[in-house]
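**Q** My structure is in run-v6.cif, and what it holds is mmCIF, C-alpha atoms:
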```cif
data_start
loop_
_atom_site.label_atom_id
_atom_site.label_comp_id
_atom_site.auth_asym_id
_atom_site.auth_seq_id
_atom_site.Cartn_x
_atom_site.Cartn_y
_atom_site.Cartn_z
CA MET A 27 -34.72 7.22 -44.59
CA LYS A 28 -32.98 5.14 -41.90
CA LYS A 29 -29.57 6.43 -43.04
CA ILE A 30 -30.76 10.03 -42.82
CA PHE A 31 -32.15 9.42 -39.34
CA ILE A 32 -28.88 7.87 -38.13
CA THR A 33 -26.83 10.73 -39.62
CA SER A 34 -29.05 13.34 -37.98
CA TRP A 35 -28.88 11.54 -34.64
CA CYS A 36 -25.08 11.34 -34.83
CA PHE A 37 -24.87 15.05 -35.59
CA PHE A 38 -27.14 15.84 -32.65
CA LEU A 39 -25.09 13.59 -30.36
CA LEU A 40 -21.81 15.19 -31.43
CA PHE A 41 -23.29 18.67 -30.95
CA THR A 42 -24.53 17.74 -27.47
CA ILE A 43 -21.17 16.28 -26.45
CA HIS A 44 -19.38 19.40 -27.74
CA ALA A 45 -21.73 21.70 -25.79
CA GLN A 46 -21.20 19.69 -22.63
CA GLN A 47 -17.46 20.08 -23.02
CA GLN A 48 -17.77 23.85 -23.17
CA PRO A 49 -17.84 25.75 -19.85
CA ALA A 50 -20.89 27.58 -18.62
CA ARG A 51 -20.45 31.30 -19.21
CA LEU A 52 -21.71 33.99 -16.86
CA ILE A 53 -22.01 37.70 -17.54
CA VAL A 54 -21.66 39.53 -14.21
CA ARG A 55 -23.09 43.03 -14.49
CA GLY A 56 -23.09 45.95 -12.04
CA ASP A 57 -25.84 48.52 -12.51
CA ASP A 58 -26.54 52.21 -11.86
CA MET A 59 -23.15 53.91 -12.11
CA GLY A 60 -23.68 57.61 -11.55
CA TYR A 61 -26.40 57.38 -8.89
CA THR A 62 -23.96 58.20 -6.04
CA HIS A 63 -20.25 58.66 -5.39
CA SER A 64 -20.44 55.57 -3.18
CA GLY A 65 -21.90 53.55 -6.03
CA ASN A 66 -19.25 54.76 -8.45
CA GLU A 67 -16.40 53.75 -6.17
CA ALA A 68 -17.95 50.36 -5.40
CA LEU A 69 -18.56 49.59 -9.07
CA ILE A 70 -14.97 50.33 -9.99
CA LYS A 71 -13.75 48.20 -7.08
CA CYS A 72 -15.94 45.29 -8.20
CA SER A 73 -14.48 45.47 -11.71
CA LYS A 74 -10.86 45.82 -10.64
CA GLU A 75 -10.90 43.40 -7.70
CA GLY A 76 -13.94 41.22 -8.28
CA ILE A 77 -15.94 39.15 -10.74
CA GLN A 78 -17.94 42.02 -12.27
CA LYS A 79 -17.30 42.30 -16.02
CA SER A 80 -19.73 44.97 -17.26
CA ILE A 81 -20.87 48.28 -15.75
CA GLU A 82 -24.12 50.04 -16.66
CA VAL A 83 -23.98 53.85 -16.40
CA ILE A 84 -26.96 56.21 -16.03
CA VAL A 85 -26.09 59.18 -18.25
CA PRO A 86 -28.45 61.81 -16.71
CA SER A 87 -27.49 60.84 -13.14
CA PRO A 88 -25.88 63.39 -10.77
CA TRP A 89 -22.52 61.60 -10.48
CA PHE A 90 -22.15 60.90 -14.22
CA PRO A 91 -19.19 63.29 -14.65
CA GLU A 92 -17.25 61.35 -12.01
CA ALA A 93 -18.31 58.07 -13.63
CA VAL A 94 -16.90 59.30 -16.95
CA LYS A 95 -13.57 60.17 -15.31
CA MET A 96 -13.34 56.79 -13.58
CA LEU A 97 -14.25 54.81 -16.69
CA ASN A 98 -11.79 56.75 -18.83
CA GLU A 99 -9.12 55.85 -16.29
CA ASN A 100 -10.12 52.18 -16.68
CA PRO A 101 -10.61 51.74 -20.44
CA GLY A 102 -10.63 47.95 -20.19
CA ILE A 103 -13.97 47.92 -18.37
CA ASP A 104 -16.93 47.03 -20.59
CA VAL A 105 -19.71 49.64 -20.34
CA GLY A 106 -23.40 49.76 -21.14
CA ILE A 107 -25.58 52.85 -21.36
CA HIS A 108 -28.31 52.24 -18.79
CA LEU A 109 -31.21 54.08 -20.41
CA ALA A 110 -33.30 55.80 -17.75
CA ILE A 111 -36.60 57.67 -17.65
CA THR A 112 -37.08 57.39 -13.88
CA SER A 113 -35.46 58.89 -10.79
CA GLU A 114 -36.55 56.67 -7.91
CA TRP A 115 -34.76 57.93 -4.79
CA ASP A 116 -36.46 60.36 -2.38
CA ASN A 117 -33.40 62.46 -1.44
CA VAL A 118 -31.51 62.64 -4.72
CA LYS A 119 -33.06 63.28 -8.14
CA TRP A 120 -32.10 63.64 -11.78
CA ARG A 121 -33.81 65.20 -14.78
CA PRO A 122 -34.01 64.45 -18.50
CA LEU A 123 -31.21 65.70 -20.73
CA THR A 124 -33.88 67.02 -23.08
CA ASP A 125 -36.78 69.46 -22.82
CA CYS A 126 -39.35 66.65 -23.18
CA LYS A 127 -42.25 67.58 -20.92
CA SER A 128 -44.23 64.35 -21.19
CA ILE A 129 -41.58 62.42 -19.22
CA ARG A 130 -41.14 65.01 -16.43
CA ASP A 131 -43.05 65.26 -13.17
CA SER A 132 -44.43 68.53 -11.78
CA ASN A 133 -40.96 69.47 -10.47
CA GLY A 134 -39.19 68.76 -13.74
CA TYR A 135 -37.59 65.50 -12.61
CA PHE A 136 -38.16 62.07 -14.08
CA TYR A 137 -41.05 60.23 -12.43
CA PRO A 138 -39.84 57.97 -9.59
CA MET A 139 -41.36 54.75 -10.92
CA VAL A 140 -41.84 52.95 -14.22
CA TRP A 141 -44.88 50.93 -13.14
CA PRO A 142 -47.77 52.06 -10.91
CA ASN A 143 -46.75 51.89 -7.25
CA LYS A 144 -49.09 52.23 -4.26
CA ASN A 145 -46.42 54.16 -2.35
CA TYR A 146 -46.13 56.72 -5.15
CA PRO A 147 -49.66 57.08 -6.54
CA GLY A 148 -49.79 58.64 -9.98
CA GLN A 149 -45.99 58.99 -10.07
CA SER A 150 -45.00 56.40 -12.64
CA ILE A 151 -44.09 56.89 -16.27
CA LYS A 152 -46.69 54.24 -17.12
CA GLU A 153 -49.40 56.53 -15.72
CA ALA A 154 -48.05 59.66 -17.44
CA ASN A 155 -49.13 60.96 -20.82
CA TRP A 156 -45.75 60.24 -22.35
CA THR A 157 -45.16 60.37 -26.07
CA ILE A 158 -42.94 58.04 -28.07
CA GLU A 159 -41.31 61.11 -29.63
CA ASP A 160 -40.20 62.40 -26.22
CA ILE A 161 -38.85 59.05 -25.04
CA GLU A 162 -36.94 58.55 -28.29
CA LYS A 163 -35.49 62.05 -28.10
CA GLU A 164 -34.33 61.42 -24.52
CA PHE A 165 -32.92 57.97 -25.25
CA ARG A 166 -31.09 59.34 -28.26
CA ALA A 167 -29.58 62.16 -26.18
CA GLN A 168 -28.43 59.71 -23.49
CA ILE A 169 -26.83 57.42 -26.06
CA GLU A 170 -25.08 60.27 -27.84
CA MET A 171 -23.72 61.67 -24.57
CA GLY A 172 -22.61 58.23 -23.38
CA LEU A 173 -20.78 57.45 -26.62
CA LYS A 174 -19.18 60.89 -26.66
CA LYS A 175 -17.82 60.62 -23.13
CA ILE A 176 -17.10 56.87 -22.77
CA PRO A 177 -15.36 55.28 -25.78
CA GLN A 178 -15.68 51.67 -24.57
CA VAL A 179 -19.49 51.58 -24.56
CA SER A 180 -20.58 48.32 -26.19
CA HIS A 181 -24.31 48.02 -25.49
CA ILE A 182 -27.43 49.50 -23.91
CA SER A 183 -29.66 48.27 -21.09
CA ALA A 184 -32.78 49.48 -19.28
CA HIS A 185 -32.94 51.06 -15.84
CA MET A 186 -35.89 49.58 -13.93
CA GLY A 187 -37.05 47.88 -17.13
CA CYS A 188 -38.08 51.19 -18.68
CA THR A 189 -37.66 50.06 -22.29
CA ASN A 190 -40.50 47.58 -21.76
CA VAL A 191 -43.02 50.27 -20.86
CA SER A 192 -44.68 49.41 -24.18
CA GLU A 193 -44.01 47.37 -27.31
CA GLU A 194 -43.59 50.63 -29.21
CA VAL A 195 -40.84 51.78 -26.84
CA LYS A 196 -39.17 48.37 -27.00
CA ALA A 197 -39.09 48.47 -30.82
CA MET A 198 -37.80 52.05 -30.85
CA THR A 199 -35.00 51.15 -28.42
CA LYS A 200 -33.96 48.26 -30.67
CA LYS A 201 -33.87 50.63 -33.62
CA LEU A 202 -31.55 53.00 -31.74
CA ALA A 203 -29.26 50.17 -30.66
CA LYS A 204 -28.81 49.14 -34.28
CA GLU A 205 -28.39 52.72 -35.48
CA PHE A 206 -25.60 53.43 -32.99
CA LYS A 207 -24.05 49.96 -33.46
CA ILE A 208 -24.36 49.00 -29.80
CA ASP A 209 -26.84 46.18 -30.26
CA ILE A 210 -25.86 43.25 -28.05
CA ASP A 211 -29.29 41.75 -27.43
CA LEU A 212 -29.37 39.03 -24.75
CA GLU A 213 -32.93 38.05 -25.60
CA GLU A 214 -32.02 37.44 -29.24
CA ARG A 215 -29.09 35.31 -28.09
CA SER A 216 -31.35 33.32 -25.72
CA ILE A 217 -29.28 34.37 -22.70
CA PRO A 218 -31.46 34.26 -19.58
CA HIS A 219 -31.22 36.51 -16.53
CA ILE A 220 -30.55 34.50 -13.40
CA TRP A 221 -30.84 35.41 -9.72
CA TYR A 222 -29.84 34.22 -6.27
CA ASP A 223 -31.00 30.70 -5.49
CA GLY A 224 -32.28 31.41 -1.99
CA PRO A 225 -32.44 34.35 0.44
CA SER A 226 -30.34 37.40 -0.40
CA LYS A 227 -31.02 39.97 2.30
CA THR A 228 -27.63 39.84 4.05
CA ALA A 229 -24.12 39.64 2.63
CA SER A 230 -23.70 36.05 3.83
CA GLU A 231 -27.05 35.06 2.34
CA LYS A 232 -26.06 36.63 -0.97
CA GLU A 233 -22.80 34.70 -1.01
CA SER A 234 -24.42 31.35 -0.19
CA SER A 235 -27.34 31.82 -2.60
CA PHE A 236 -25.07 32.98 -5.40
CA ILE A 237 -22.84 29.93 -5.04
CA LYS A 238 -25.93 27.71 -4.94
CA MET A 239 -27.08 29.36 -8.16
CA LEU A 240 -23.74 28.52 -9.82
CA ASP A 241 -24.55 24.81 -9.42
CA LYS A 242 -27.52 25.24 -11.77
CA LEU A 243 -25.51 26.65 -14.69
CA GLU A 244 -25.34 24.17 -17.54
CA PRO A 245 -22.18 23.55 -19.60
CA GLY A 246 -22.16 25.27 -22.97
CA LYS A 247 -24.79 27.82 -21.99
CA THR A 248 -24.48 31.55 -21.22
CA TYR A 249 -26.30 33.40 -18.43
CA MET A 250 -26.46 36.96 -17.08
CA PHE A 251 -26.48 38.00 -13.41
CA LEU A 252 -26.87 41.62 -12.35
CA ASP A 253 -26.94 43.51 -9.08
CA HIS A 254 -26.07 46.93 -7.66
CA PRO A 255 -22.81 47.48 -5.77
CA GLY A 256 -22.37 50.23 -3.18
CA PHE A 257 -20.70 51.03 0.13
CA ASP A 258 -22.50 51.19 3.47
CA ASN A 259 -21.52 54.76 4.35
CA ALA A 260 -23.24 58.00 5.33
CA GLU A 261 -23.91 59.00 1.73
CA LEU A 262 -25.64 55.79 0.72
CA GLN A 263 -27.51 55.56 4.03
CA ALA A 264 -29.35 58.72 2.92
CA VAL A 265 -30.46 57.08 -0.35
CA HIS A 266 -33.75 55.19 -0.29
CA HIS A 267 -37.36 55.11 -1.39
CA ILE A 268 -40.48 53.74 0.24
CA GLY A 269 -40.26 49.97 0.13
CA TYR A 270 -36.48 49.91 -0.21
CA GLU A 271 -34.99 51.54 2.86
CA ASN A 272 -31.92 49.36 3.47
CA VAL A 273 -30.09 50.44 0.33
CA ALA A 274 -26.66 50.98 1.91
CA ALA A 275 -26.48 47.62 3.70
CA ASP A 276 -27.99 45.77 0.75
CA ARG A 277 -25.57 47.22 -1.79
CA GLN A 278 -22.56 46.73 0.46
CA GLY A 279 -23.57 43.08 0.42
CA VAL A 280 -23.35 43.10 -3.37
CA THR A 281 -19.86 44.63 -3.25
CA ASP A 282 -18.84 41.96 -0.75
CA LEU A 283 -20.29 39.27 -3.01
CA PHE A 284 -18.60 40.47 -6.20
CA THR A 285 -15.20 40.65 -4.45
CA SER A 286 -15.60 37.49 -2.33
CA LYS A 287 -12.66 35.05 -2.36
CA LYS A 288 -15.10 32.24 -1.64
CA VAL A 289 -17.19 33.14 -4.69
CA LYS A 290 -14.11 33.39 -6.90
CA ALA A 291 -13.00 29.95 -5.71
CA ALA A 292 -16.47 28.50 -6.35
CA ILE A 293 -16.45 29.86 -9.91
CA ALA A 294 -12.99 28.42 -10.54
CA ALA A 295 -13.90 25.03 -9.06
CA ARG A 296 -16.89 24.78 -11.39
CA LYS A 297 -14.82 25.95 -14.37
CA ILE A 298 -17.33 28.73 -15.12
CA GLU A 299 -16.12 31.43 -17.51
CA VAL A 300 -17.04 34.93 -16.33
CA ILE A 301 -17.46 37.29 -19.28
CA SER A 302 -18.65 40.75 -20.32
CA TYR A 303 -21.23 41.80 -22.90
CA LYS A 304 -18.41 42.70 -25.26
CA ASP A 305 -17.04 39.16 -25.07
CA LEU A 306 -20.24 37.95 -26.73
CA LEU A 307 -19.14 39.62 -29.96
CA GLN A 308 -16.29 37.12 -30.21
CA SER A 309 -18.77 34.23 -30.37
CA LYS A 310 -21.36 35.82 -32.61
#
```
Before we go any further, please render this structure as structure tokens.

**A**
Amino acid sequence: MKKIFITSWCFFLLFTIHAQQQPARLIVRGDDMGYTHSGNEALIKCSKEGIQKSIEVIVPSPWFPEAVKMLNENPGIDVGIHLAITSEWDNVKWRPLTDCKSIRDSNGYFYPMVWPNKNYPGQSIKEANWTIEDIEKEFRAQIEMGLKKIPQVSHISAHMGCTNVSEEVKAMTKKLAKEFKIDIDLEERSIPHIWYDGPSKTASEKESSFIKMLDKLEPGKTYMFLDHPGFDNAELQAVHHIGYENVAADRQGVTDLFTSKKVKAAIAARKIEVISYKDLLQSK
């Protein structure tokens, strides 16, 4: 018994030492490609010039055709299909790809919110009489269109957490991911989402809080950070919803963060490996 205990302890110790020798790995993800031209340009910039390694694209969004063109011109960028059943902005909207009435509002658009919101009473998918058949049909259409137009798609993700609207929807989404062979599940791999460690309203706050967050990453472990790049220009200044009015300035701050020389230096100094979703397949 003592010999078995010593052997097990030695194995555990060797495993721990090995893990500590491995670098921390960080997936840096940029969300919402297709929502604006400004967003598209910023996302590409953050991949080509910054630390961003995966881009999530909203297939039914108004600037999806441009997103397709840009991503086809940059085939090395890892892409996720950002499944969406909401259209949150007040001045720009998108509709389902399908004829599914239970996920449309009275104007035929997606509802603006996933969860009930006091600023948009009765205008969330959670409050609608949606059917699982309609959501599956729409998700399937978005996946098929994404795979048809963007060959480097490796995974799916959820816009505004929409795949968690119910356990039934979550299970159905998992089924589709497996069916289409784009199932890179961070939860199954025990990869946590992390966020700024401190205030993140301004660009400088984002930079400082992101670097502070890097100090908490443990060797041998993998994490995922996501945010939404954009440019502070006239187009994005017209994009907002109640409760999130400073979209342009906020998303410019993300672009600045993802392309920051100071952030790149901080990552290098800490020997953190920045990776994409697709890179996870190499360590499966």

**Q** In Å, rounded to a single decimal, give me how far CA of Val118 in chain A is from CA of Asp258 in chain A.

**A**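 That distance, rounded to one decimal, is 16.7 Å.
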
**Q** Do a neighbour search on range 56-68 of chain A at 10 Å with only C-alpha atoms, toss out local chain neighbours closer than 6 positions, and write the hits as an mmCIF file with C-alpha atoms, in the coordinates of the input.

**A**
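Saved as out_38.cif:
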```
data_model
loop_
_atom_site.group_PDB
_atom_site.id
_atom_site.type_symbol
_atom_site.label_atom_id
_atom_site.label_comp_id
_atom_site.auth_asym_id
_atom_site.auth_seq_id
_atom_site.Cartn_x
_atom_site.Cartn_y
_atom_site.Cartn_z
ATOM 1 C CA LYS A 74 -10.860 45.820 -10.640
ATOM 2 C CA ILE A 77 -15.940 39.150 -10.740
ATOM 3 C CA GLN A 78 -17.940 42.020 -12.270
ATOM 4 C CA LYS A 79 -17.300 42.300 -16.020
ATOM 5 C CA SER A 80 -19.730 44.970 -17.260
ATOM 6 C CA ILE A 81 -20.870 48.280 -15.750
ATOM 7 C CA GLU A 82 -24.120 50.040 -16.660
ATOM 8 C CA VAL A 83 -23.980 53.850 -16.400
ATOM 9 C CA ILE A 84 -26.960 56.210 -16.030
ATOM 10 C CA VAL A 85 -26.090 59.180 -18.250
ATOM 11 C CA PRO A 86 -28.450 61.810 -16.710
ATOM 12 C CA SER A 87 -27.490 60.840 -13.140
ATOM 13 C CA PRO A 88 -25.880 63.390 -10.770
ATOM 14 C CA TRP A 89 -22.520 61.600 -10.480
ATOM 15 C CA PHE A 90 -22.150 60.900 -14.220
ATOM 16 C CA PRO A 91 -19.190 63.290 -14.650
ATOM 17 C CA GLU A 92 -17.250 61.350 -12.010
ATOM 18 C CA ALA A 93 -18.310 58.070 -13.630
ATOM 19 C CA VAL A 94 -16.900 59.300 -16.950
ATOM 20 C CA MET A 96 -13.340 56.790 -13.580
ATOM 21 C CA LEU A 97 -14.250 54.810 -16.690
ATOM 22 C CA VAL A 105 -19.710 49.640 -20.340
ATOM 23 C CA GLY A 106 -23.400 49.760 -21.140
ATOM 24 C CA ILE A 107 -25.580 52.850 -21.360
ATOM 25 C CA HIS A 108 -28.310 52.240 -18.790
ATOM 26 C CA LEU A 109 -31.210 54.080 -20.410
ATOM 27 C CA ALA A 110 -33.300 55.800 -17.750
ATOM 28 C CA SER A 113 -35.460 58.890 -10.790
ATOM 29 C CA TRP A 115 -34.760 57.930 -4.790
ATOM 30 C CA VAL A 118 -31.510 62.640 -4.720
ATOM 31 C CA LYS A 119 -33.060 63.280 -8.140
ATOM 32 C CA TRP A 120 -32.100 63.640 -11.780
ATOM 33 C CA SER A 183 -29.660 48.270 -21.090
ATOM 34 C CA ALA A 184 -32.780 49.480 -19.280
ATOM 35 C CA HIS A 185 -32.940 51.060 -15.840
ATOM 36 C CA MET A 186 -35.890 49.580 -13.930
ATOM 37 C CA PHE A 251 -26.480 38.000 -13.410
ATOM 38 C CA LEU A 252 -26.870 41.620 -12.350
ATOM 39 C CA ASP A 253 -26.940 43.510 -9.080
ATOM 40 C CA HIS A 254 -26.070 46.930 -7.660
ATOM 41 C CA PRO A 255 -22.810 47.480 -5.770
ATOM 42 C CA GLY A 256 -22.370 50.230 -3.180
ATOM 43 C CA PHE A 257 -20.700 51.030 0.130
ATOM 44 C CA ASP A 258 -22.500 51.190 3.470
ATOM 45 C CA ASN A 259 -21.520 54.760 4.350
ATOM 46 C CA ALA A 260 -23.240 58.000 5.330
ATOM 47 C CA GLU A 261 -23.910 59.000 1.730
ATOM 48 C CA LEU A 262 -25.640 55.790 0.720
ATOM 49 C CA VAL A 265 -30.460 57.080 -0.350
ATOM 50 C CA ALA A 274 -26.660 50.980 1.910
ATOM 51 C CA ARG A 277 -25.570 47.220 -1.790
ATOM 52 C CA GLN A 278 -22.560 46.730 0.460
ATOM 53 C CA VAL A 280 -23.350 43.100 -3.370
ATOM 54 C CA THR A 281 -19.860 44.630 -3.250
ATOM 55 C CA ASP A 282 -18.840 41.960 -0.750
ATOM 56 C CA PHE A 284 -18.600 40.470 -6.200
#
```

**Q** Which residues come within 12 Å of Phe165 in chain A, counting only C-alpha atoms, excluding same-chain residues fewer than 3 positions away, as a ChimeraX atom specification?

**A** /A:84-86,107-111,122-124,126,129,158-162,168-172,182-185,188-189,195-196,198-203,206

**Q** To test your reading of the syntax: which residues would the PyMOL selection byres ((chain A and resi 239) around 10) return for the file shown? Reply as a PyMOL selection string.

**A** chain A and resi 220-224+233-238+240-243

**Q** Restricting the calculation to only C-alpha atoms, which member of A:Ser192, A:Glu153, A:Thr112, A:Tyr270 is positioned closest to Tyr137 in chain A?

**A**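 Result for the nearest residue to Tyr137 in chain A: A:Thr112.
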
**Q** Kindly give the distance, in Å, that separates CA of Glu194 in chain A and CA of Thr157 in chain A, rounded to a single decimal.

**A**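 About the pair CA of Glu194 in chain A and CA of Thr157 in chain A: they are 10.4 Å apart.
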
**Q** Taking (-45.9, 59.9, -17.2) in the coordinates of the supplied file, I want to know which residues reach to within 9 Å of it, counting only C-alpha atoms; could you give the answer as an mmCIF file with C-alpha atoms, in the frame of the given file?

**A**
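Below you can see part-v1.cif, which holds the result:
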```
data_model
loop_
_atom_site.group_PDB
_atom_site.id
_atom_site.type_symbol
_atom_site.label_atom_id
_atom_site.label_comp_id
_atom_site.auth_asym_id
_atom_site.auth_seq_id
_atom_site.Cartn_x
_atom_site.Cartn_y
_atom_site.Cartn_z
ATOM 1 C CA SER A 128 -44.230 64.350 -21.190
ATOM 2 C CA ILE A 129 -41.580 62.420 -19.220
ATOM 3 C CA ARG A 130 -41.140 65.010 -16.430
ATOM 4 C CA ASP A 131 -43.050 65.260 -13.170
ATOM 5 C CA PHE A 136 -38.160 62.070 -14.080
ATOM 6 C CA TYR A 137 -41.050 60.230 -12.430
ATOM 7 C CA VAL A 140 -41.840 52.950 -14.220
ATOM 8 C CA GLY A 148 -49.790 58.640 -9.980
ATOM 9 C CA GLN A 149 -45.990 58.990 -10.070
ATOM 10 C CA SER A 150 -45.000 56.400 -12.640
ATOM 11 C CA ILE A 151 -44.090 56.890 -16.270
ATOM 12 C CA LYS A 152 -46.690 54.240 -17.120
ATOM 13 C CA GLU A 153 -49.400 56.530 -15.720
ATOM 14 C CA ALA A 154 -48.050 59.660 -17.440
ATOM 15 C CA ASN A 155 -49.130 60.960 -20.820
ATOM 16 C CA TRP A 156 -45.750 60.240 -22.350
ATOM 17 C CA THR A 157 -45.160 60.370 -26.070
#
```

**Q** Quick one: distance from CA of Ile208 in chain A to CA of Val179 in chain A in Å, one decimal?

**A**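 Computing it gives 7.6 Å between the two atoms.
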
**Q** Could you give me, as a PyMOL selection string, the residues within 7 Å of Ile301 in chain A, counting only C-alpha atoms and dropping anything in the same chain fewer than 3 positions from it?

**A** chain A and resi 51-54+79+305

**Q** For Asp276 in chain A, list every protein, DNA or RNA residue within 8 Å, evaluated using all atoms listed in the file, and leave out those in the same chain fewer than 5 positions away; present the list as a list in words.

**A**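 The contact residues come out as Lys227, Thr228 and Ala229 of chain A.
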
**Q** Taking all atoms of range 135-146 of chain A that appear in the file, build a box with edges along x, y and z, extend it by 3 Å on every side, and state its centre and edge lengths in Å to one decimal, as JSON.

**A**
```
{"center_x": -43.3, "center_y": 58.2, "center_z": -8.3, "size_x": 17.5, "size_y": 20.6, "size_z": 17.9}
```

**Q** Which residue gives the smallest distance to Ser302 in chain A among A:Asn145, A:Gln47, A:Asn100, A:Ser180, with only C-alpha atoms counted?

**A**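 Looking at the shortest contact to Ser302 in chain A, the residue is A:Ser180.
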
**Q** Out of A:Ser132, A:Asn272, A:Thr285, A:Gln48, which residue has the shortest atom-to-atom distance to Ser73 in chain A when counting all atoms listed in the file?

**A**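 Using all atoms listed in the file, the shortest distance to Ser73 in chain A belongs to A:Thr285.
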
**Q** If you count only C-alpha atoms, which residues fall within 9 Å of Pro218 in chain A, apart from same-chain ones fewer than 3 positions away, as a PDB file with C-alpha atoms, in the frame of the given file?

**A**
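That gives us part12.pdb:
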```pdb
ATOM      1  CA  LEU A 212     -29.370  39.030 -24.750  1.00  0.00           C
ATOM      2  CA  GLU A 213     -32.930  38.050 -25.600  1.00  0.00           C
ATOM      3  CA  ARG A 215     -29.090  35.310 -28.090  1.00  0.00           C
ATOM      4  CA  THR A 248     -24.480  31.550 -21.220  1.00  0.00           C
ATOM      5  CA  TYR A 249     -26.300  33.400 -18.430  1.00  0.00           C
ATOM      6  CA  MET A 250     -26.460  36.960 -17.080  1.00  0.00           C
ATOM      7  CA  PHE A 251     -26.480  38.000 -13.410  1.00  0.00           C
TER       8      PHE A 251
END
```

**Q** What do you get, as a list in words, if you spell out every residue that the PyMOL selection byres ((chain A and resi 304) around 8) selects here?

**A** Asp104, Ser180, His181, Ile210, Ser302, Tyr303, Asp305, Leu306, Leu307 and Gln308 of chain A

**Q** Closest to Glu299 in chain A among A:Lys247, A:Glu193, A:Leu69, A:Pro138, using all atoms listed in the file?

**A**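 The shortest atom-to-atom distance to Glu299 in chain A comes from A:Lys247.
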
**Q** Using only C-alpha atoms, which residue out of A:Asn133, A:Asn143, A:Asn117, A:Lys95 lies closest to Gly269 in chain A?

**A**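 Among the listed residues, A:Asn143 lies closest to Gly269 in chain A.
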
**Q** From the set A:Gly187, A:Gly246, A:Gly279, A:Pro101, which residue has the shortest atom-to-atom contact distance to Glu231 in chain A, counting only C-alpha atoms?

**A**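 Among A:Gly187, A:Gly246, A:Gly279, A:Pro101, it is A:Gly279 that comes nearest to Glu231 in chain A.
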